[in-house]
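K.L.:
Sharing a structure with you now.
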Amino acid sequence: MATVTEIGSLISRRSEIRGGRPCIAGTGVSVRRIAQWHNMGLIPEEIVRKFGHLSLAQVHAALACYHANQAEIDADLEAEERETAALEERHRR
């Protein structure tokens, strides 16, 4: 008999891992990292190849989590981009 995986078990949030951001359970890979690759045009199979240790089901679960919480995750990504730009500007001086 095939093993059944509960989809909700593939994503977790723990305050001690990535600041409580949603991650693929049992890994340090955040949903926002998967979202970044997805937003750059990578398809799930390419993301699996890029990480090597993730399954296609895990990547799809991360993308489902991203799409269900897109406003929150996009805002987090935008804040990180602003912080990066500010740091780069400071170091250019």
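Within each chain, counting starts at residue 1; across the structure tokens, chains are named A, B, ... in the order shown, with ligands numbered 1 upward in that order.
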Excluding stretch 44-50 of chain A and its own-chain neighbours fewer than 6 positions away, which residues fall within 10 Å of it when counting only C-alpha atoms? Please give them as JSON, numbers by chain.

P.N.:
{"A": [34, 35, 37, 38, 56, 57, 58, 59, 60, 62, 63]}

K.L.:
Just write the chosen residues, N, CA and C atoms, as a PDB file, in the first residue's frame.

P.N.:
ATOM      1  N   ILE A  34      11.751  29.508  -2.126  1.00  0.00           N
ATOM      2  CA  ILE A  34      11.119  28.814  -3.254  1.00  0.00           C
ATOM      3  C   ILE A  34      10.356  29.832  -4.102  1.00  0.00           C
ATOM      4  N   ALA A  35       9.663  30.764  -3.446  1.00  0.00           N
ATOM      5  CA  ALA A  35       8.907  31.803  -4.162  1.00  0.00           C
ATOM      6  C   ALA A  35       9.841  32.659  -5.010  1.00  0.00           C
ATOM      7  N   TRP A  37      12.679  31.791  -6.449  1.00  0.00           N
ATOM      8  CA  TRP A  37      13.060  31.033  -7.643  1.00  0.00           C
ATOM      9  C   TRP A  37      11.879  30.953  -8.609  1.00  0.00           C
ATOM     10  N   HIS A  38      10.696  30.732  -8.069  1.00  0.00           N
ATOM     11  CA  HIS A  38       9.483  30.662  -8.889  1.00  0.00           C
ATOM     12  C   HIS A  38       9.254  31.993  -9.609  1.00  0.00           C
ATOM     13  N   LEU A  56       9.594  16.960  -5.347  1.00  0.00           N
ATOM     14  CA  LEU A  56       8.653  17.766  -6.113  1.00  0.00           C
ATOM     15  C   LEU A  56       7.430  18.101  -5.260  1.00  0.00           C
ATOM     16  N   ALA A  57       6.994  17.163  -4.431  1.00  0.00           N
ATOM     17  CA  ALA A  57       5.854  17.417  -3.536  1.00  0.00           C
ATOM     18  C   ALA A  57       6.166  18.553  -2.561  1.00  0.00           C
ATOM     19  N   GLN A  58       7.381  18.588  -2.038  1.00  0.00           N
ATOM     20  CA  GLN A  58       7.767  19.659  -1.113  1.00  0.00           C
ATOM     21  C   GLN A  58       7.751  21.023  -1.804  1.00  0.00           C
ATOM     22  N   VAL A  59       8.257  21.074  -3.020  1.00  0.00           N
ATOM     23  CA  VAL A  59       8.276  22.338  -3.754  1.00  0.00           C
ATOM     24  C   VAL A  59       6.857  22.789  -4.067  1.00  0.00           C
ATOM     25  N   HIS A  60       6.019  21.871  -4.490  1.00  0.00           N
ATOM     26  CA  HIS A  60       4.620  22.230  -4.764  1.00  0.00           C
ATOM     27  C   HIS A  60       3.911  22.697  -3.488  1.00  0.00           C
ATOM     28  N   ALA A  62       5.339  24.195  -0.974  1.00  0.00           N
ATOM     29  CA  ALA A  62       5.859  25.533  -0.710  1.00  0.00           C
ATOM     30  C   ALA A  62       5.188  26.557  -1.617  1.00  0.00           C
ATOM     31  N   LEU A  63       4.992  26.204  -2.876  1.00  0.00           N
ATOM     32  CA  LEU A  63       4.323  27.120  -3.797  1.00  0.00           C
ATOM     33  C   LEU A  63       2.855  27.319  -3.420  1.00  0.00           C
TER      34      LEU A  63
END

K.L.:
As a list of chain:residue names, please: every residue in chain A that a backbone DSSP assignment puts in strand (DSSP E).

P.N.:
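Strand (DSSP E) members of chain A, listed: A:Ile11, A:Ser12, A:Cys23, A:Ile24.
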
K.L.:
Could you please take those selected residues and save C-alpha atoms as an mmCIF file, in the first residue's frame?

P.N.:
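Now in out_30.cif:
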data_model
loop_
_atom_site.group_PDB
_atom_site.id
_atom_site.type_symbol
_atom_site.label_atom_id
_atom_site.label_comp_id
_atom_site.auth_asym_id
_atom_site.auth_seq_id
_atom_site.Cartn_x
_atom_site.Cartn_y
_atom_site.Cartn_z
ATOM 1 C CA ILE A 11 5.315 23.106 5.715
ATOM 2 C CA SER A 12 6.194 24.251 9.228
ATOM 3 C CA CYS A 23 9.719 26.508 5.712
ATOM 4 C CA ILE A 24 9.656 23.121 4.119
#

K.L.:
Could you check which of A:Arg13, A:His53, A:Arg18, A:Arg32 is closest to A:Asp76, using only C-alpha atoms?

P.N.:
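Among A:Arg13, A:His53, A:Arg18, A:Arg32, it is A:Arg32 that comes nearest to A:Asp76.
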
K.L.:
With DSSP run on the backbone, what are the helix (DSSP H, G or I) residues within chain A? I'd like them as a PyMOL selection string.

P.N.:
chain A and resi 7-10+18-20+31-39+44-51+56-68+70-92

K.L.:
Go through A:Ala68, A:Ala79, A:Ile43, A:Ile73 and flag the residue nearest A:Ser30, using only C-alpha atoms for the distances.

P.N.:
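Among A:Ala68, A:Ala79, A:Ile43, A:Ile73, it is A:Ile73 that comes nearest to A:Ser30.
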
K.L.:
Under the rule that only C-alpha atoms are counted, which of A:Ala2, A:Val31, A:Ile17, A:Met40 is the nearest residue to A:Gln70?

P.N.:
A:Val31

K.L.:
Figure out the distance between atom CA of A:Ala75 and atom CA of A:Ser55, please, to one decimal in Å.

P.N.:
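If I compute the distance from atom CA of A:Ser55 to atom CA of A:Ala75, I get 26.6 Å.
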
K.L.:
Tell me which of A:Val4, A:Gly28, A:Asn39, A:Arg92 sits closest to A:His67, counting only C-alpha atoms.

P.N.:
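Counting only C-alpha atoms, the residue closest to A:His67 is A:Asn39.
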